[in-house]
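Undergrad: So here's run_21.pdb, just PDB, C-alpha atoms and all ligand atoms:
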ATOM      1  CA  MET A  28     -22.769  -3.086 -14.166  1.00  0.00           C
ATOM      2  CA  THR A  29     -19.336  -4.605 -13.816  1.00  0.00           C
ATOM      3  CA  ARG A  30     -19.143  -7.457 -11.339  1.00  0.00           C
ATOM      4  CA  VAL A  31     -15.937  -7.805  -9.348  1.00  0.00           C
ATOM      5  CA  LEU A  32     -14.983 -10.892  -7.393  1.00  0.00           C
ATOM      6  CA  VAL A  33     -12.605 -10.062  -4.546  1.00  0.00           C
ATOM      7  CA  VAL A  34     -10.653 -13.027  -3.159  1.00  0.00           C
ATOM      8  CA  GLU A  35      -8.776 -11.839  -0.104  1.00  0.00           C
ATOM      9  CA  ASP A  36      -8.442 -13.080   3.454  1.00  0.00           C
ATOM     10  CA  ASP A  37      -7.461  -9.804   5.112  1.00  0.00           C
ATOM     11  CA  PRO A  38     -10.808  -8.423   6.408  1.00  0.00           C
ATOM     12  CA  GLN A  39      -9.596  -4.830   6.574  1.00  0.00           C
ATOM     13  CA  LEU A  40      -8.394  -4.849   3.003  1.00  0.00           C
ATOM     14  CA  VAL A  41     -11.628  -6.535   1.900  1.00  0.00           C
ATOM     15  CA  ARG A  42     -13.651  -3.813   3.572  1.00  0.00           C
ATOM     16  CA  ALA A  43     -11.604  -1.085   1.902  1.00  0.00           C
ATOM     17  CA  LEU A  44     -11.857  -2.784  -1.479  1.00  0.00           C
ATOM     18  CA  VAL A  45     -15.598  -3.339  -1.242  1.00  0.00           C
ATOM     19  CA  ILE A  46     -16.317   0.255  -0.225  1.00  0.00           C
ATOM     20  CA  ASN A  47     -14.113   1.666  -2.957  1.00  0.00           C
ATOM     21  CA  MET A  48     -15.549  -0.599  -5.616  1.00  0.00           C
ATOM     22  CA  GLN A  49     -19.120   0.184  -4.617  1.00  0.00           C
ATOM     23  CA  VAL A  50     -18.461   3.930  -4.667  1.00  0.00           C
ATOM     24  CA  ARG A  51     -17.256   3.468  -8.226  1.00  0.00           C
ATOM     25  CA  ARG A  52     -20.447   1.591  -9.049  1.00  0.00           C
ATOM     26  CA  TYR A  53     -19.046  -1.888  -9.291  1.00  0.00           C
ATOM     27  CA  GLU A  54     -21.039  -4.821  -8.043  1.00  0.00           C
ATOM     28  CA  VAL A  55     -18.812  -6.697  -5.588  1.00  0.00           C
ATOM     29  CA  ASP A  56     -18.691 -10.245  -4.268  1.00  0.00           C
ATOM     30  CA  ALA A  57     -16.027 -10.981  -1.684  1.00  0.00           C
ATOM     31  CA  VAL A  58     -14.726 -14.322  -0.403  1.00  0.00           C
ATOM     32  CA  SER A  59     -11.725 -15.108   1.742  1.00  0.00           C
ATOM     33  CA  ASP A  60     -10.570 -18.373   0.236  1.00  0.00           C
ATOM     34  CA  GLY A  61      -9.776 -20.078  -3.063  1.00  0.00           C
ATOM     35  CA  ALA A  62     -12.305 -22.899  -3.075  1.00  0.00           C
ATOM     36  CA  PRO A  63     -15.370 -20.699  -2.422  1.00  0.00           C
ATOM     37  CA  ALA A  64     -13.989 -18.251  -4.984  1.00  0.00           C
ATOM     38  CA  LEU A  65     -14.016 -20.936  -7.653  1.00  0.00           C
ATOM     39  CA  ARG A  66     -17.540 -22.013  -6.699  1.00  0.00           C
ATOM     40  CA  LEU A  67     -18.798 -18.448  -6.776  1.00  0.00           C
ATOM     41  CA  ALA A  68     -17.036 -17.686 -10.056  1.00  0.00           C
ATOM     42  CA  ALA A  69     -18.894 -20.626 -11.590  1.00  0.00           C
ATOM     43  CA  ALA A  70     -22.269 -19.655 -10.112  1.00  0.00           C
ATOM     44  CA  ARG A  71     -22.044 -15.902 -10.750  1.00  0.00           C
ATOM     45  CA  PRO A  72     -19.386 -15.296 -13.394  1.00  0.00           C
ATOM     46  CA  PRO A  73     -17.519 -12.087 -12.567  1.00  0.00           C
ATOM     47  CA  ASP A  74     -16.266  -9.545 -15.118  1.00  0.00           C
ATOM     48  CA  VAL A  75     -12.987  -9.248 -13.280  1.00  0.00           C
ATOM     49  CA  VAL A  76     -11.266 -10.976 -10.351  1.00  0.00           C
ATOM     50  CA  ILE A  77      -9.050  -9.349  -7.727  1.00  0.00           C
ATOM     51  CA  LEU A  78      -7.028 -12.161  -6.203  1.00  0.00           C
ATOM     52  CA  ASP A  79      -4.707 -12.213  -3.222  1.00  0.00           C
ATOM     53  CA  LEU A  80      -1.858 -14.658  -3.837  1.00  0.00           C
ATOM     54  CA  GLY A  81      -1.522 -15.530  -0.155  1.00  0.00           C
ATOM     55  CA  LEU A  82      -4.744 -17.364   0.716  1.00  0.00           C
ATOM     56  CA  PRO A  83      -5.254 -19.718   3.635  1.00  0.00           C
ATOM     57  CA  ASP A  84      -6.557 -22.744   1.767  1.00  0.00           C
ATOM     58  CA  MET A  85      -5.188 -22.630  -1.771  1.00  0.00           C
ATOM     59  CA  ASP A  86      -2.203 -21.285  -3.583  1.00  0.00           C
ATOM     60  CA  GLY A  87      -3.314 -18.238  -5.578  1.00  0.00           C
ATOM     61  CA  VAL A  88      -1.507 -19.594  -8.624  1.00  0.00           C
ATOM     62  CA  ASP A  89      -3.691 -22.721  -8.483  1.00  0.00           C
ATOM     63  CA  VAL A  90      -6.788 -20.535  -8.273  1.00  0.00           C
ATOM     64  CA  ILE A  91      -5.746 -18.748 -11.475  1.00  0.00           C
ATOM     65  CA  GLU A  92      -5.093 -22.042 -13.231  1.00  0.00           C
ATOM     66  CA  ALA A  93      -8.496 -23.357 -12.207  1.00  0.00           C
ATOM     67  CA  LEU A  94     -10.186 -20.150 -13.395  1.00  0.00           C
ATOM     68  CA  ARG A  95      -8.277 -20.249 -16.678  1.00  0.00           C
ATOM     69  CA  GLY A  96      -9.514 -23.768 -17.242  1.00  0.00           C
ATOM     70  CA  ARG A  97     -12.935 -22.342 -17.973  1.00  0.00           C
ATOM     71  CA  SER A  98     -12.816 -18.618 -18.551  1.00  0.00           C
ATOM     72  CA  ARG A  99     -10.857 -15.668 -19.853  1.00  0.00           C
ATOM     73  CA  VAL A 100     -11.992 -13.438 -16.983  1.00  0.00           C
ATOM     74  CA  PRO A 101      -9.264 -10.870 -16.235  1.00  0.00           C
ATOM     75  CA  VAL A 102      -7.396 -11.578 -13.010  1.00  0.00           C
ATOM     76  CA  LEU A 103      -5.617  -8.867 -11.063  1.00  0.00           C
ATOM     77  CA  VAL A 104      -3.231 -10.273  -8.545  1.00  0.00           C
ATOM     78  CA  LEU A 105      -2.541  -8.596  -5.205  1.00  0.00           C
ATOM     79  CA  SER A 106       0.731  -9.423  -3.602  1.00  0.00           C
ATOM     80  CA  ALA A 107       2.199  -8.210  -0.369  1.00  0.00           C
ATOM     81  CA  ARG A 108       5.580  -9.504  -1.356  1.00  0.00           C
ATOM     82  CA  GLN A 109       8.346  -7.920  -3.312  1.00  0.00           C
ATOM     83  CA  ALA A 110       8.873  -9.151  -6.851  1.00  0.00           C
ATOM     84  CA  SER A 111       8.984 -12.877  -6.385  1.00  0.00           C
ATOM     85  CA  ASP A 112       8.818 -16.085  -8.334  1.00  0.00           C
ATOM     86  CA  GLU A 113       5.236 -16.401  -7.190  1.00  0.00           C
ATOM     87  CA  LYS A 114       4.143 -13.258  -8.981  1.00  0.00           C
ATOM     88  CA  VAL A 115       5.911 -14.353 -12.129  1.00  0.00           C
ATOM     89  CA  ALA A 116       4.260 -17.769 -11.819  1.00  0.00           C
ATOM     90  CA  ALA A 117       0.872 -16.048 -11.465  1.00  0.00           C
ATOM     91  CA  LEU A 118       1.452 -14.019 -14.620  1.00  0.00           C
ATOM     92  CA  ASP A 119       2.738 -17.026 -16.491  1.00  0.00           C
ATOM     93  CA  VAL A 120      -0.400 -19.080 -15.747  1.00  0.00           C
ATOM     94  CA  GLY A 121      -2.568 -16.249 -17.027  1.00  0.00           C
ATOM     95  CA  ALA A 122      -2.988 -13.477 -14.476  1.00  0.00           C
ATOM     96  CA  ASP A 123      -3.452 -10.215 -16.338  1.00  0.00           C
ATOM     97  CA  ASP A 124      -1.810  -7.846 -13.945  1.00  0.00           C
ATOM     98  CA  CYS A 125      -0.087  -7.696 -10.634  1.00  0.00           C
ATOM     99  CA  ILE A 126      -0.264  -5.038  -7.948  1.00  0.00           C
ATOM    100  CA  THR A 127       2.056  -4.956  -4.966  1.00  0.00           C
ATOM    101  CA  GLU A 128       0.806  -3.701  -1.621  1.00  0.00           C
ATOM    102  CA  PRO A 129       0.717  -0.984  -0.509  1.00  0.00           C
ATOM    103  CA  PHE A 130      -1.197   0.393  -3.494  1.00  0.00           C
ATOM    104  CA  SER A 131      -3.604   3.287  -3.851  1.00  0.00           C
ATOM    105  CA  MET A 132      -7.254   2.647  -4.642  1.00  0.00           C
ATOM    106  CA  ASP A 133      -6.880   4.968  -7.636  1.00  0.00           C
ATOM    107  CA  GLU A 134      -4.128   2.806  -9.034  1.00  0.00           C
ATOM    108  CA  LEU A 135      -6.111  -0.344  -8.401  1.00  0.00           C
ATOM    109  CA  THR A 136      -9.261   0.963 -10.073  1.00  0.00           C
ATOM    110  CA  ALA A 137      -7.259   2.262 -13.049  1.00  0.00           C
ATOM    111  CA  ARG A 138      -5.779  -1.197 -13.557  1.00  0.00           C
ATOM    112  CA  LEU A 139      -9.199  -2.756 -13.034  1.00  0.00           C
ATOM    113  CA  ARG A 140     -10.767  -0.568 -15.691  1.00  0.00           C
ATOM    114  CA  ALA A 141      -7.945  -1.331 -18.106  1.00  0.00           C
ATOM    115  CA  ALA A 142      -8.316  -5.081 -17.546  1.00  0.00           C
ATOM    116  CA  VAL A 143     -12.067  -5.013 -18.115  1.00  0.00           C
ATOM    117  CA  ARG A 144     -11.728  -2.808 -21.190  1.00  0.00           C
ATOM    118  CA  ARG A 145      -9.112  -5.094 -22.669  1.00  0.00           C
ATOM    119  CA  VAL A 146     -11.389  -8.097 -22.482  1.00  0.00           C
ATOM    120  CA  ARG A 147     -14.363  -6.203 -23.901  1.00  0.00           C
ATOM    121  CA  GLU A 148     -12.279  -4.996 -26.812  1.00  0.00           C
ATOM    122  CA  THR A 149     -10.947  -8.418 -27.650  1.00  0.00           C
ATOM    123  CA  PRO A 150     -10.764 -10.331 -29.837  1.00  0.00           C
ATOM    124  CA  ALA A 151      -8.100  -8.034 -31.179  1.00  0.00           C
ATOM    125  CA  ALA A 152      -8.435 -10.126 -34.285  1.00  0.00           C
ATOM    126  CA  PRO A 153      -8.320  -8.996 -37.923  1.00  0.00           C
ATOM    127  CA  GLY A 154      -9.136  -5.345 -38.341  1.00  0.00           C
ATOM    128  CA  THR A 155      -7.090  -4.131 -35.379  1.00  0.00           C
ATOM    129  CA  THR A 156      -3.822  -4.150 -37.210  1.00  0.00           C
ATOM    130  CA  VAL A 157      -2.924  -0.554 -36.476  1.00  0.00           C
ATOM    131  CA  VAL A 158      -2.108   0.551 -32.946  1.00  0.00           C
ATOM    132  CA  GLU A 159      -1.941   4.271 -32.327  1.00  0.00           C
ATOM    133  CA  THR A 160      -0.569   6.200 -29.394  1.00  0.00           C
ATOM    134  CA  ASP A 161      -0.126   9.949 -29.123  1.00  0.00           C
ATOM    135  CA  GLU A 162       3.559   9.394 -29.820  1.00  0.00           C
ATOM    136  CA  PHE A 163       3.781   6.701 -32.495  1.00  0.00           C
ATOM    137  CA  THR A 164       1.721   4.446 -34.757  1.00  0.00           C
ATOM    138  CA  VAL A 165       2.394   0.792 -35.373  1.00  0.00           C
ATOM    139  CA  ASP A 166       1.059  -1.065 -38.393  1.00  0.00           C
ATOM    140  CA  LEU A 167       1.226  -4.719 -37.444  1.00  0.00           C
ATOM    141  CA  LEU A 168       0.562  -6.051 -40.933  1.00  0.00           C
ATOM    142  CA  ALA A 169       2.996  -3.803 -42.744  1.00  0.00           C
ATOM    143  CA  LYS A 170       5.472  -4.104 -39.842  1.00  0.00           C
ATOM    144  CA  LYS A 171       5.882  -0.380 -39.904  1.00  0.00           C
ATOM    145  CA  VAL A 172       6.321   2.160 -37.141  1.00  0.00           C
ATOM    146  CA  VAL A 173       5.778   5.862 -37.705  1.00  0.00           C
ATOM    147  CA  ARG A 174       6.640   8.592 -35.261  1.00  0.00           C
ATOM    148  CA  GLY A 175       5.766  12.145 -36.158  1.00  0.00           C
ATOM    149  CA  ARG A 176       6.072  12.037 -39.931  1.00  0.00           C
ATOM    150  CA  HIS A 177       9.013   9.692 -39.985  1.00  0.00           C
ATOM    151  CA  ASP A 178       9.374   5.965 -40.284  1.00  0.00           C
ATOM    152  CA  VAL A 179      11.118   4.439 -37.305  1.00  0.00           C
ATOM    153  CA  ARG A 180      13.558   1.706 -38.246  1.00  0.00           C
ATOM    154  CA  LEU A 181      13.523  -1.207 -35.866  1.00  0.00           C
ATOM    155  CA  THR A 182      15.759  -4.254 -35.828  1.00  0.00           C
ATOM    156  CA  PRO A 183      13.947  -7.607 -36.079  1.00  0.00           C
ATOM    157  CA  THR A 184      14.492  -8.161 -32.350  1.00  0.00           C
ATOM    158  CA  GLU A 185      13.130  -4.740 -31.429  1.00  0.00           C
ATOM    159  CA  TRP A 186      10.159  -5.360 -33.675  1.00  0.00           C
ATOM    160  CA  ARG A 187       9.357  -8.716 -32.117  1.00  0.00           C
ATOM    161  CA  LEU A 188       9.487  -7.240 -28.605  1.00  0.00           C
ATOM    162  CA  LEU A 189       7.287  -4.337 -29.580  1.00  0.00           C
ATOM    163  CA  GLU A 190       4.840  -6.606 -31.357  1.00  0.00           C
ATOM    164  CA  ILE A 191       4.370  -8.818 -28.288  1.00  0.00           C
ATOM    165  CA  LEU A 192       3.862  -5.841 -25.995  1.00  0.00           C
ATOM    166  CA  ILE A 193       1.443  -3.876 -28.148  1.00  0.00           C
ATOM    167  CA  THR A 194      -0.716  -6.870 -28.968  1.00  0.00           C
ATOM    168  CA  ASN A 195      -1.226  -7.266 -25.191  1.00  0.00           C
ATOM    169  CA  PRO A 196      -2.096  -3.686 -24.267  1.00  0.00           C
ATOM    170  CA  GLY A 197      -2.085  -2.971 -20.555  1.00  0.00           C
ATOM    171  CA  ARG A 198      -1.046  -6.488 -19.761  1.00  0.00           C
ATOM    172  CA  LEU A 199       2.090  -7.179 -17.759  1.00  0.00           C
ATOM    173  CA  ILE A 200       4.318  -9.451 -19.838  1.00  0.00           C
ATOM    174  CA  THR A 201       6.980 -11.291 -17.883  1.00  0.00           C
ATOM    175  CA  GLN A 202      10.676 -11.173 -18.662  1.00  0.00           C
ATOM    176  CA  GLN A 203      10.659 -14.946 -18.930  1.00  0.00           C
ATOM    177  CA  TYR A 204       7.927 -14.863 -21.540  1.00  0.00           C
ATOM    178  CA  LEU A 205       9.727 -12.270 -23.640  1.00  0.00           C
ATOM    179  CA  LEU A 206      13.050 -14.114 -23.391  1.00  0.00           C
ATOM    180  CA  GLN A 207      11.368 -17.325 -24.447  1.00  0.00           C
ATOM    181  CA  GLU A 208       9.460 -15.759 -27.324  1.00  0.00           C
ATOM    182  CA  VAL A 209      12.233 -13.574 -28.693  1.00  0.00           C
ATOM    183  CA  TRP A 210      15.439 -15.459 -27.900  1.00  0.00           C
ATOM    184  CA  GLY A 211      14.086 -18.919 -27.228  1.00  0.00           C
ATOM    185  CA  VAL A 212      15.680 -19.029 -23.812  1.00  0.00           C
ATOM    186  CA  SER A 213      14.007 -19.064 -20.460  1.00  0.00           C
ATOM    187  CA  GLN A 214      16.978 -18.395 -18.200  1.00  0.00           C
ATOM    188  CA  SER A 215      16.830 -15.048 -16.548  1.00  0.00           C
ATOM    189  CA  ILE A 216      20.572 -14.952 -17.225  1.00  0.00           C
ATOM    190  CA  LYS A 217      19.700 -13.082 -20.417  1.00  0.00           C
ATOM    191  CA  THR A 218      17.613 -10.362 -18.805  1.00  0.00           C
ATOM    192  CA  ASN A 219      20.418  -7.907 -19.612  1.00  0.00           C
ATOM    193  CA  TYR A 220      19.685  -8.485 -23.343  1.00  0.00           C
ATOM    194  CA  LEU A 221      16.122  -7.568 -22.652  1.00  0.00           C
ATOM    195  CA  ARG A 222      17.085  -4.371 -20.836  1.00  0.00           C
ATOM    196  CA  VAL A 223      19.370  -3.323 -23.678  1.00  0.00           C
ATOM    197  CA  TYR A 224      16.726  -3.878 -26.348  1.00  0.00           C
ATOM    198  CA  MET A 225      13.998  -2.210 -24.318  1.00  0.00           C
ATOM    199  CA  ALA A 226      16.264   0.810 -23.834  1.00  0.00           C
ATOM    200  CA  GLN A 227      16.794   0.996 -27.599  1.00  0.00           C
ATOM    201  CA  LEU A 228      13.077   0.746 -28.278  1.00  0.00           C
ATOM    202  CA  ARG A 229      12.380   3.524 -25.816  1.00  0.00           C
ATOM    203  CA  ARG A 230      14.969   5.789 -27.347  1.00  0.00           C
ATOM    204  CA  LYS A 231      13.235   5.311 -30.668  1.00  0.00           C
ATOM    205  CA  LEU A 232       9.642   5.580 -29.456  1.00  0.00           C
ATOM    206  CA  GLU A 233       9.308   7.468 -26.188  1.00  0.00           C
ATOM    207  CA  ALA A 234       9.340  11.265 -26.130  1.00  0.00           C
ATOM    208  CA  ASP A 235      11.029  11.427 -22.752  1.00  0.00           C
ATOM    209  CA  PRO A 236      12.912   8.318 -21.593  1.00  0.00           C
ATOM    210  CA  ALA A 237      12.907   9.742 -18.067  1.00  0.00           C
ATOM    211  CA  HIS A 238       9.088   9.734 -18.081  1.00  0.00           C
ATOM    212  CA  LEU A 239       8.007   6.603 -19.861  1.00  0.00           C
ATOM    213  CA  ARG A 240       4.403   6.611 -20.974  1.00  0.00           C
ATOM    214  CA  HIS A 241       4.051   3.668 -23.307  1.00  0.00           C
ATOM    215  CA  LEU A 242       6.745   1.082 -22.648  1.00  0.00           C
ATOM    216  CA  ILE A 243       6.531   0.676 -18.892  1.00  0.00           C
ATOM    217  CA  THR A 244       8.838  -1.398 -16.676  1.00  0.00           C
ATOM    218  CA  GLU A 245       7.493  -3.395 -13.762  1.00  0.00           C
ATOM    219  CA  PRO A 246      10.673  -3.871 -11.767  1.00  0.00           C
ATOM    220  CA  GLY A 247      11.712  -7.490 -11.381  1.00  0.00           C
ATOM    221  CA  LEU A 248       8.651  -8.733 -13.289  1.00  0.00           C
ATOM    222  CA  GLY A 249       8.479  -7.535 -16.853  1.00  0.00           C
ATOM    223  CA  TYR A 250       7.078  -4.895 -19.146  1.00  0.00           C
ATOM    224  CA  ARG A 251       3.764  -3.407 -20.097  1.00  0.00           C
ATOM    225  CA  PHE A 252       2.528  -1.427 -23.079  1.00  0.00           C
ATOM    226  CA  GLU A 253       0.095   1.400 -22.350  1.00  0.00           C
ATOM    227  CA  GLY A 254      -1.661   2.879 -25.379  1.00  0.00           C
TER     228      GLY A 254
HETATM  229 CA    CA A 301      -3.485 -12.943   2.326  1.00  0.00          CA
END
Once you've parsed the file, please lay out its structure as structure tokens.
TA:
Amino acid sequence: MTRVLVVEDDPQLVRALVINMQVRRYEVDAVSDGAPALRLAAARPPDVVILDLGLPDMDGVDVIEALRGRSRVPVLVLSARQASDEKVAALDVGADDCITEPFSMDELTARLRAAVRRVRETPAAPGTTVVETDEFTVDLLAKKVVRGRHDVRLTPTEWRLLEILITNPGRLITQQYLLQEVWGVSQSIKTNYLRVYMAQLRRKLEADPAHLRHLITEPGLGYRFEG
């Protein structure tokens, strides 16, 4: 059974989360504050954490940092706010995903499943050098992308972006991270570069750029690869 730790101070949302998780056969622990969450996570290690960023006692970002100090447990962040520095900070200290309220329970459980699966499938170490989707195949060792029966030619920058995204399947990668890794800059001043290169990648890899299935944008936050 998958154990979920819910850290949320809104009792109504907690109730809804607990009921929905239990229906889907998750085992759920719920606490309303950061400090008890950390204690409970140590005593009964969860398989996945759902964490509200706005807690009464602790900053959610500090909770993630404390968790990361001792475990790789996937952390899904709930945020009532629009895309904000706080969400980016949460992702940058190691949150795996970020969901903005209002969200549907279906969406939440889909992201939850993906986060748990990702951890169980890791380490994505040697061996997993080929990533396949229904649209294209990427060979990470050979640095080759094939779509249909044809090789797709990528520029070094496109390749580096794609490589980062596909080696973190399902995970939301922040704009800042990509800018730093690919261009060595952290200023969001260059986010237009990122948009241009992502658009190029999509033209080369997505069947229908109006309905993206693999290279997903999270507005204001970053990008995500779905296999
Ligand atoms: Ca809250």
Undergrad: Using all atoms listed in the file, can you tell me which of A:Asp56, A:Asp123, A:Asp89, A:Glu128 comes closest to ligand CA 301 (chain A)?
TA: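 Using all atoms listed in the file, ligand CA 301 (chain A) sits closest to A:Glu128.
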Undergrad: What residues of the protein or nucleic acid chains come within 7 Å of ligand CA 301 (chain A) when you use only C-alpha atoms and all ligand atoms? Reply as a list in words.
TA: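 Based on only C-alpha atoms and all ligand atoms, ligand CA 301 (chain A) is surrounded within 7 Å by Glu35, Asp36, Asp37, Asp79, Leu80, Gly81 and Leu82 of chain A.
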Undergrad: I'd like the contact shell of Pro101 in chain A - 12 Å cut-off, all atoms listed in the file, skipping same-chain residues fewer than 6 positions apart - returned as a ChimeraX atom specification.
TA: /A:30-32,72-78,91,94-95,118,121-125,138-147,149,197-198
Undergrad: Using only C-alpha atoms for the distances, tell me which of A:Arg222, A:Arg229, A:Lys114, A:Arg187 is nearest to Val209 in chain A.
TA: A:Arg187
Undergrad: Kindly provide, as lines of an AutoDock Vina configuration file, the centre and edge lengths (Å, one decimal) of an axis-aligned box around all atoms of range 62-75 of chain A given in the file, with 3 Å on each side.
TA:
center_x = -17.3
center_y = -16.1
center_z = -8.8
size_x = 16.0
size_y = 19.7
size_z = 18.7
Undergrad: Restricting the calculation to only C-alpha atoms: of A:Phe130, A:Tyr220, A:Phe252, A:Phe163, which residue gets closest to Leu189 in chain A?
TA: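 Of all the options, A:Phe252 lies closest to Leu189 in chain A.
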Undergrad: Between CA of Leu103 in chain A and CA of Ala57 in chain A, what is the distance in Å, rounded to a tenth?
TA: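 That distance, rounded to one decimal, is 14.2 Å.
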Undergrad: Residues within 8 Å of Val88 in chain A, please, as a ChimeraX atom specification. Count all atoms listed in the file; anything in the same chain fewer than 5 positions from it doesn't count.
TA: /A:80,113,116-117,120
Undergrad: So the first atom is CA of Thr218 in chain A and the second is CA of Gly247 in chain A; what is the distance between them in Å, to one decimal place?
TA: 9.9 Å
Undergrad: So which one's closest to Met28 in chain A, A:Arg42, A:His177, A:His241, A:Arg52? Using all atoms listed in the file, please.
TA: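 Nearest to Met28 in chain A: A:Arg52.
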Undergrad: Go ahead and compute the interatomic distance for CA of Leu206 in chain A and CA of Leu248 in chain A, in Å to one decimal.
TA: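 These atoms are spaced 12.3 Å apart.
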Undergrad: Using all atoms listed in the file for the distances, tell me which of A:Leu199, A:Val223, A:Ile126, A:Val102 is nearest to Thr244 in chain A.
TA: A:Leu199
Undergrad: List the spatial neighbours of Leu239 in chain A as JSON, numbers by chain - criterion: any atom at most 12 Å away, all atoms listed in the file, same-chain residues fewer than 3 positions off excluded.
TA: {"A": [162, 225, 226, 228, 229, 230, 232, 233, 234, 235, 236, 242, 243, 244, 245, 250, 251, 252, 253, 254]}
Undergrad: Grab the residues selected above and save them as a compact mmCIF listing (two decimals), in the coordinates of the input with C-alpha atoms.
TA:
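Final output, result_16.txt:
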# COMPACT_ATOMS: atom_id res chain seq x y z
CA GLU A 162 3.56 9.39 -29.82
CA MET A 225 14.00 -2.21 -24.32
CA ALA A 226 16.26 0.81 -23.83
CA LEU A 228 13.08 0.75 -28.28
CA ARG A 229 12.38 3.52 -25.82
CA ARG A 230 14.97 5.79 -27.35
CA LEU A 232 9.64 5.58 -29.46
CA GLU A 233 9.31 7.47 -26.19
CA ALA A 234 9.34 11.26 -26.13
CA ASP A 235 11.03 11.43 -22.75
CA PRO A 236 12.91 8.32 -21.59
CA LEU A 242 6.74 1.08 -22.65
CA ILE A 243 6.53 0.68 -18.89
CA THR A 244 8.84 -1.40 -16.68
CA GLU A 245 7.49 -3.40 -13.76
CA TYR A 250 7.08 -4.89 -19.15
CA ARG A 251 3.76 -3.41 -20.10
CA PHE A 252 2.53 -1.43 -23.08
CA GLU A 253 0.10 1.40 -22.35
CA GLY A 254 -1.66 2.88 -25.38
Undergrad: Nearest to Leu188 in chain A: which of A:Leu221, A:Ala62, A:Val41, A:Leu168 is it, counting all atoms listed in the file?
TA: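 When distances to Leu188 in chain A are compared using all atoms listed in the file, the smallest one comes from A:Leu221.
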Undergrad: Which residues would end up in the selection if the PyMOL selection byres (((chain A and resi 175) around 10) and not hetatm) were applied here, given that I need the answer as a ChimeraX atom specification?
TA: /A:161-164,173-174,176-179
Undergrad: Expand the PyMOL selection byres (((chain A and resi 47) around 12) and not hetatm) into the explicit residue set it covers here, and present it as a VMD selection string.
TA: chain A and resid 31 33 40 to 46 48 to 55 131 to 136
Undergrad: Need to verify the contact set: Arg180 in chain A, 9 Å, all atoms listed in the file, exclusion of same-chain residues closer than 6 positions in sequence. Can you return it as a list in words?
TA: Lys171, Val172, Val173 and Lys231 of chain A
